[in-house]
Every structure is written in structure tokens, then in C-alpha cells.
file protein_2.cif (mmCIF, C-alpha atoms)
data_data
loop_
_atom_site.label_atom_id
_atom_site.label_comp_id
_atom_site.auth_asym_id
_atom_site.auth_seq_id
_atom_site.Cartn_x
_atom_site.Cartn_y
_atom_site.Cartn_z
CA MET S 1 88.64 75.28 113.20
CA ASN S 2 86.90 78.26 111.57
CA VAL S 3 88.52 80.68 109.13
CA PHE S 4 87.62 84.37 108.98
CA SER S 5 89.01 87.29 106.99
CA ILE S 6 89.14 91.07 107.04
CA SER S 7 91.46 93.56 105.38
CA ASP S 8 92.48 97.17 104.97
CA LEU S 9 92.39 98.13 108.64
CA HIS S 10 94.57 101.18 107.88
CA LEU S 11 95.62 101.61 111.50
CA SER S 12 97.38 104.89 112.28
CA GLY S 13 98.64 104.74 115.84
CA CYS S 14 101.89 106.50 114.91
CA THR S 15 100.70 108.60 112.00
CA ASP S 16 98.13 111.36 111.54
CA LYS S 17 95.86 109.61 109.04
CA PRO S 18 92.44 109.19 110.67
CA MET S 19 90.19 107.14 108.40
CA ASN S 20 86.99 108.94 109.41
CA ILE S 21 87.75 111.51 106.71
CA PHE S 22 86.45 108.80 104.34
CA GLY S 23 83.07 108.62 106.06
CA ALA S 24 81.36 108.47 109.43
CA GLY S 25 81.44 104.66 109.38
CA TRP S 26 85.19 104.75 109.96
CA GLU S 27 84.75 106.49 113.32
CA GLY S 28 86.12 104.08 115.94
CA HIS S 29 86.48 101.38 113.28
CA LEU S 30 89.12 99.35 115.13
CA GLU S 31 86.87 99.06 118.19
CA LYS S 32 84.06 97.80 115.96
CA ILE S 33 86.32 95.18 114.41
CA LYS S 34 87.71 94.05 117.76
CA ALA S 35 84.24 93.74 119.30
CA ASP S 36 83.08 91.54 116.42
CA TRP S 37 86.34 89.54 116.53
CA GLN S 38 86.09 88.88 120.25
CA SER S 39 82.50 87.70 119.95
CA ARG S 40 83.16 85.15 117.20
CA VAL S 41 86.76 83.91 117.10
CA SER S 42 88.19 81.14 119.28
CA ASP S 43 91.80 80.22 120.00
CA ASP S 44 91.74 77.47 117.38
CA ASP S 45 90.40 79.70 114.59
CA ILE S 46 92.30 81.53 111.85
CA VAL S 47 91.92 85.16 110.78
CA LEU S 48 93.31 86.25 107.39
CA LEU S 49 94.31 89.93 107.09
CA CYS S 50 94.73 90.81 103.43
CA GLY S 51 96.98 93.86 103.53
CA ASP S 52 97.01 97.59 104.27
CA THR S 53 97.08 96.88 107.97
CA SER S 54 99.01 100.00 109.00
CA TRP S 55 99.79 103.47 107.68
CA GLY S 56 103.21 103.21 109.33
CA THR S 57 106.24 103.92 107.17
CA VAL S 58 108.91 102.10 109.21
CA LEU S 59 108.82 98.73 110.94
CA GLU S 60 108.40 100.03 114.47
CA GLU S 61 105.35 102.07 113.44
CA GLY S 62 103.82 98.99 111.84
CA LEU S 63 104.58 96.90 114.91
CA PHE S 64 102.94 99.53 117.10
CA ASP S 65 99.71 99.04 115.16
CA LEU S 66 100.06 95.26 115.12
CA ARG S 67 100.28 95.27 118.91
CA SER S 68 96.76 96.69 119.01
CA LEU S 69 95.64 93.24 117.80
CA THR S 70 97.38 91.30 120.56
CA GLY S 71 95.00 89.59 122.92
CA LEU S 72 92.57 88.84 120.10
CA LYS S 73 92.03 85.12 119.70
CA GLY S 74 93.03 83.01 116.74
CA LYS S 75 96.01 82.67 114.45
CA LYS S 76 96.50 85.92 112.55
CA VAL S 77 97.88 85.54 109.02
CA PHE S 78 99.03 88.67 107.16
CA ILE S 79 100.06 89.62 103.65
CA ARG S 80 101.43 92.95 102.50
CA GLY S 81 99.21 95.61 100.93
CA ASN S 82 100.20 98.50 98.69
CA HIS S 83 100.25 100.92 101.65
CA ASP S 84 102.20 98.68 104.05
CA TYR S 85 105.47 100.59 103.65
CA TRP S 86 106.58 99.44 107.11
CA TRP S 87 106.78 95.85 105.80
CA ASN S 88 110.41 95.80 104.67
CA GLY S 89 112.31 92.56 105.23
CA ILE S 90 110.40 89.40 106.10
CA THR S 91 113.03 87.89 108.41
CA LYS S 92 113.17 90.90 110.72
CA LEU S 93 109.40 91.22 110.65
CA ARG S 94 108.91 87.62 111.71
CA GLN S 95 111.50 87.98 114.44
CA SER S 96 109.68 91.10 115.70
CA ALA S 97 106.18 89.63 115.70
CA PRO S 98 104.20 90.69 118.78
CA ASP S 99 103.58 87.04 119.73
CA GLU S 100 103.42 83.55 118.27
CA SER S 101 99.85 84.04 116.97
CA PHE S 102 101.12 86.37 114.20
CA TYR S 103 102.12 84.86 110.83
CA PHE S 104 103.48 86.80 107.85
CA LEU S 105 103.45 85.38 104.32
CA GLN S 106 105.91 86.33 101.61
CA ASN S 107 106.44 83.97 98.67
CA ASP S 108 105.49 81.03 100.86
CA CYS S 109 102.65 79.44 102.79
CA VAL S 110 101.56 78.18 106.19
CA LYS S 111 99.61 75.05 107.11
CA PHE S 112 97.21 74.49 110.00
CA GLY S 113 95.76 70.98 110.12
CA ASN S 114 94.47 70.29 106.62
CA ILE S 115 94.27 73.99 105.67
CA ILE S 116 97.08 75.54 103.62
CA ILE S 117 97.19 79.33 103.22
CA CYS S 118 99.40 81.16 100.76
CA GLY S 119 99.39 84.74 99.56
CA SER S 120 101.03 87.76 97.98
CA ARG S 121 100.16 91.39 97.32
CA GLY S 122 99.12 91.09 93.67
CA TRP S 123 98.75 94.16 91.49
CA THR S 124 96.26 96.09 89.37
CA CYS S 125 94.94 93.71 86.73
CA PRO S 126 94.34 94.32 83.03
CA GLY S 127 90.76 95.45 82.56
CA SER S 128 90.73 97.50 85.77
CA ALA S 129 89.72 101.13 85.40
CA ASP S 130 93.09 102.36 86.67
CA TYR S 131 95.26 99.88 84.74
CA THR S 132 97.90 101.30 82.37
CA GLU S 133 100.81 99.85 80.42
CA ASN S 134 103.05 100.93 83.30
CA ASP S 135 101.38 98.32 85.51
CA LEU S 136 102.30 95.36 83.29
CA ARG S 137 105.75 94.76 84.79
CA LEU S 138 104.53 94.67 88.39
CA TYR S 139 101.48 92.61 87.42
CA LYS S 140 103.75 89.99 85.83
CA ARG S 141 106.18 90.11 88.76
CA GLU S 142 103.40 89.42 91.23
CA ALA S 143 102.26 86.46 89.14
CA GLU S 144 105.80 85.09 89.49
CA ARG S 145 105.56 85.58 93.25
CA PHE S 146 102.45 83.43 93.28
CA LYS S 147 104.32 80.72 91.39
CA LEU S 148 106.83 80.73 94.25
CA CYS S 149 103.95 80.48 96.73
CA PHE S 150 102.48 77.47 94.97
CA ASN S 151 105.87 75.78 94.80
CA GLU S 152 105.90 75.93 98.59
CA VAL S 153 102.29 74.78 98.78
CA ASN S 154 103.11 71.67 96.76
CA LYS S 155 105.87 70.74 99.21
CA LEU S 156 103.31 70.56 102.04
CA ARG S 157 100.15 69.52 100.24
CA GLN S 158 98.61 66.13 100.97
CA GLU S 159 95.43 64.50 99.79
CA GLY S 160 92.41 66.13 101.36
CA ASP S 161 94.13 69.44 102.12
CA ARG S 162 92.19 72.66 101.44
CA LEU S 163 93.99 75.59 99.80
CA LEU S 164 93.07 79.20 100.62
CA VAL S 165 94.73 82.10 98.80
CA MET S 166 95.21 85.65 100.04
CA ILE S 167 95.82 88.57 97.69
CA HIS S 168 95.54 92.28 98.44
CA TYR S 169 94.43 93.58 95.04
CA PRO S 170 91.34 92.15 93.34
CA PRO S 171 92.65 89.24 91.24
CA PHE S 172 90.43 90.10 88.28
CA ALA S 173 88.42 92.98 86.86
CA PRO S 174 84.63 92.83 86.40
CA LYS S 175 85.13 93.39 82.66
CA LEU S 176 88.03 90.91 82.40
CA PRO S 177 87.41 87.96 84.70
CA GLU S 178 90.41 85.89 83.54
CA THR S 179 93.91 87.01 84.52
CA ASP S 180 97.33 85.51 85.21
CA PHE S 181 96.25 85.31 88.86
CA THR S 182 92.99 83.46 88.27
CA ARG S 183 94.70 81.03 85.91
CA LEU S 184 97.30 80.22 88.56
CA PHE S 185 94.62 79.80 91.23
CA GLU S 186 92.74 77.39 89.01
CA GLU S 187 95.84 75.43 88.00
CA ASN S 188 96.72 74.95 91.65
CA LYS S 189 93.16 74.08 92.67
CA ALA S 190 92.56 76.83 95.20
CA GLU S 191 89.24 76.54 97.02
CA LYS S 192 88.74 80.17 98.04
CA VAL S 193 90.51 83.47 97.39
CA VAL S 194 90.19 86.44 99.75
CA PHE S 195 91.20 89.99 98.84
CA GLY S 196 90.73 93.66 99.76
CA HIS S 197 91.93 97.03 98.43
CA ILE S 198 88.47 98.15 97.25
CA HIS S 199 86.88 101.01 99.23
CA GLY S 200 83.99 103.42 99.16
CA GLU S 201 81.37 103.48 96.44
CA THR S 202 83.45 101.49 93.95
CA TYR S 203 81.47 98.48 92.77
CA PHE S 204 82.91 95.00 93.08
CA PRO S 205 81.04 91.75 93.82
CA PHE S 206 81.41 90.71 97.46
CA ARG S 207 81.29 86.99 96.75
CA THR S 208 81.44 85.35 93.38
CA VAL S 209 82.31 81.88 92.08
CA LYS S 210 84.44 81.43 88.97
CA ASN S 211 85.51 77.99 87.78
CA ASN S 212 84.79 76.40 91.16
CA ILE S 213 86.75 79.01 93.15
CA GLU S 214 84.93 81.40 95.49
CA TYR S 215 86.33 84.95 95.53
CA ILE S 216 85.55 86.99 98.66
CA LEU S 217 86.05 90.74 99.16
CA THR S 218 86.94 91.58 102.77
CA SER S 219 87.84 95.32 102.87
CA CYS S 220 86.63 96.30 106.32
CA ASP S 221 84.47 99.25 105.27
CA LYS S 222 82.82 97.21 102.52
CA VAL S 223 81.80 94.48 104.99
CA GLY S 224 80.58 96.69 107.83
CA PHE S 225 83.77 96.35 109.90
CA SER S 226 83.00 92.72 110.70
CA LEU S 227 84.95 89.57 109.95
CA GLN S 228 83.81 87.46 107.02
CA ARG S 229 83.44 83.73 107.56
CA ILE S 230 85.50 81.86 104.96
CA LEU S 231 85.31 78.28 106.25
#

call {"tool": "encode", "arguments": {"input": "protein_2.cif", "output": "C-alpha cells"}}
result
Amino acid sequence: MNVFSISDLHLSGCTDKPMNIFGAGWEGHLEKIKADWQSRVSDDDIVLLCGDTSWGTVLEEGLFDLRSLTGLKGKKVFIRGNHDYWWNGITKLRQSAPDESFYFLQNDCVKFGNIIICGSRGWTCPGSADYTENDLRLYKREAERFKLCFNEVNKLRQEGDRLLVMIHYPPFAPKLPETDFTRLFEENKAEKVVFGHIHGETYFPFRTVKNNIEYILTSCDKVGFSLQRIL
């Protein structure tokens, strides 16, 4: 069982938001991702999608974009990003999933074999260039959401299990590497953390290890529209 990740697909099947306005590399970006996916992923593998999947604003628009991923192999695990406005109500979303290969995380986790995956959106962290005092409340709230996630993890966790964490926002800032998120990840002995949200020329390390946890950036334009191997 292999684990891959990619994020920030920003699909726009029902909205007029073509991503190629952000650069020529975005031209036909979904086809690039699907071609790479089909060449590398098997039915037993897992693909983590770390938010901002669709520009849709209501559930049906988001589902329209999700259906463009049907037929791709592997178990597809999603978290919500800051632009996933269509994601409104986890029960209805799960009931509306295109097929049984789609999994949606919200304050909980999922386990495949000895791999446990949990995740939440996160928020702008202190030390980030765009962080203000107005972000503190949401930053703290998202930390509480991760506490709920880890409560669920501990109900399933057995000796030898490997814990992977998904978060949409970067869980730390280059100038402030320790945050409420990283402390929680360390306390709960996460092995790897995957995230997205970063685009364009903005600098952020693609892979870095902090206190025995590997952090991996998977925004699709930052990784050449190809899946990143996690395990």
C-alpha cells in the first residue's frame, strides 16, 4: 500500500475561474494530474487531497468537480480548504460521495491497515506574513479541531500503527517553526504531515523534518502537477 498526496486542484467545472490566469503551467492542469495519477496509483493505494479541491460554492457544484476524479484508482481522502465553500455539512457530503473510494475527514480520522489518517483545515499561523490579531480566534479554533481528531485517532490506534496528518494551511511559518499545530502533532507522534495552500513564487520548503516529523508541501502547481509519494 503506497500513499500519495496532492492538493489545491481548484477545479472549476461549474464556475468561470480558469486557473491558467495564474500561469501557463495551469493550462490543462487536471489532465496532467490525472495522467500522472493513472500511471502510478493502484487500487490498494491511498491519495490524500489537502483542500481547495473545487471553486464550487454549493454542494452540487463541488460534487460535479469531484466526479471528474471518479475512475482514478486508490482511496481518495479529502479535507476542506479555505476555498471549499461547497463543503457544508459532513453527513450530507458523505452520503453524496461519488463512490465508495471517496473519504471526507472532519474532526475525525480513517484507518487503512496500519495507517491512520486524520486532518483539518488549519489556519494562518503566527509568524506568517499575512497573520494578524484577527486570525488568532480561528487559529485557536482549528487547534481544538485537531484535538478532536487525535481523540478519534487514539480510539483506533494500536501498536505499530503509522499516523499521517493532513492540514490545508502550512502548520508553521518559516520564521516561527513552533505552533499550536506542530506541538499537537509532536504530542500525538505523527509521522508525516502533508499540506497545501501555498502557490506561485512564495517560498516555502517542500520537505522538511522537525522533531522527527516530515512536513511535505503538495500544492499541485508547486510540485509540477504530479502526486507526491508520502509512504

call {"tool": "closest_residue", "arguments": {"input": "protein_2.cif", "among": "S:Arg80, S:Arg183, S:Arg145, S:Lys192", "to": "Ser7 of chain S", "atoms": "all atoms listed in the file"}}
result
S:Arg80

call {"tool": "resolve_selection", "arguments": {"input": "protein_2.cif", "expression": "the PyMOL selection byres ((chain S and resi 213) around 10)", "output": "JSON, numbers by chain"}}
result
{"S": [164, 182, 185, 186, 189, 190, 191, 192, 193, 208, 209, 210, 211, 212, 214, 215, 216]}

call {"tool": "closest_residue", "arguments": {"input": "protein_2.cif", "among": "S:Ser54, S:Asp180, S:Phe172, S:Asn151", "to": "Trp86 of chain S", "atoms": "all atoms listed in the file"}}
result
S:Ser54

call {"tool": "closest_residue", "arguments": {"input": "protein_2.cif", "among": "S:Cys14, S:Ile79, S:Leu30, S:Leu69", "to": "Trp55 of chain S", "atoms": "only C-alpha atoms"}}
result
S:Cys14

call {"tool": "closest_residue", "arguments": {"input": "protein_2.cif", "among": "S:Tyr203, S:Phe112, S:Tyr85, S:Phe78", "to": "Gly62 of chain S", "atoms": "only C-alpha atoms"}}
result
S:Tyr85

call {"tool": "closest_residue", "arguments": {"input": "protein_2.cif", "among": "S:Trp87, S:Tyr169, S:Tyr139, S:Phe150", "to": "Val194 of chain S", "atoms": "only C-alpha atoms"}}
result
S:Tyr169

call {"tool": "closest_residue", "arguments": {"input": "protein_2.cif", "among": "S:Lys155, S:Glu142, S:Glu100, S:Phe206", "to": "Leu184 of chain S", "atoms": "all atoms listed in the file"}}
result
S:Glu142

call {"tool": "residues_around", "arguments": {"input": "protein_2.cif", "residues": "Ile167 of chain S", "least_positions_apart": "3", "cutoff": "9 Å", "atoms": "all atoms listed in the file", "output": "ChimeraX atom specification"}}
result
/S:50-51,79-81,118-123,170-171,193-196

call {"tool": "resolve_selection", "arguments": {"input": "protein_2.cif", "expression": "the PyMOL selection byres ((chain S and resi 224) around 10)", "output": "PyMOL selection string"}}
result
chain S and resi 25-26+29+32-33+218-223+225-228

call {"tool": "resolve_selection", "arguments": {"input": "protein_2.cif", "expression": "the PyMOL selection byres ((chain S and resi 174) around 8)", "output": "MDAnalysis selection string"}}
result
chainID S and resid 127:128 172:173 175:177 204

call {"tool": "atom_distance", "arguments": {"input": "protein_2.cif", "atom1": "atom CA of Arg207 of chain S", "atom2": "atom CA of Ser101 of chain S"}}
result
27.6 Å

call {"tool": "atom_distance", "arguments": {"input": "protein_2.cif", "atom1": "atom CA of Asn82 of chain S", "atom2": "atom CA of Thr57 of chain S"}}
result
11.7 Å
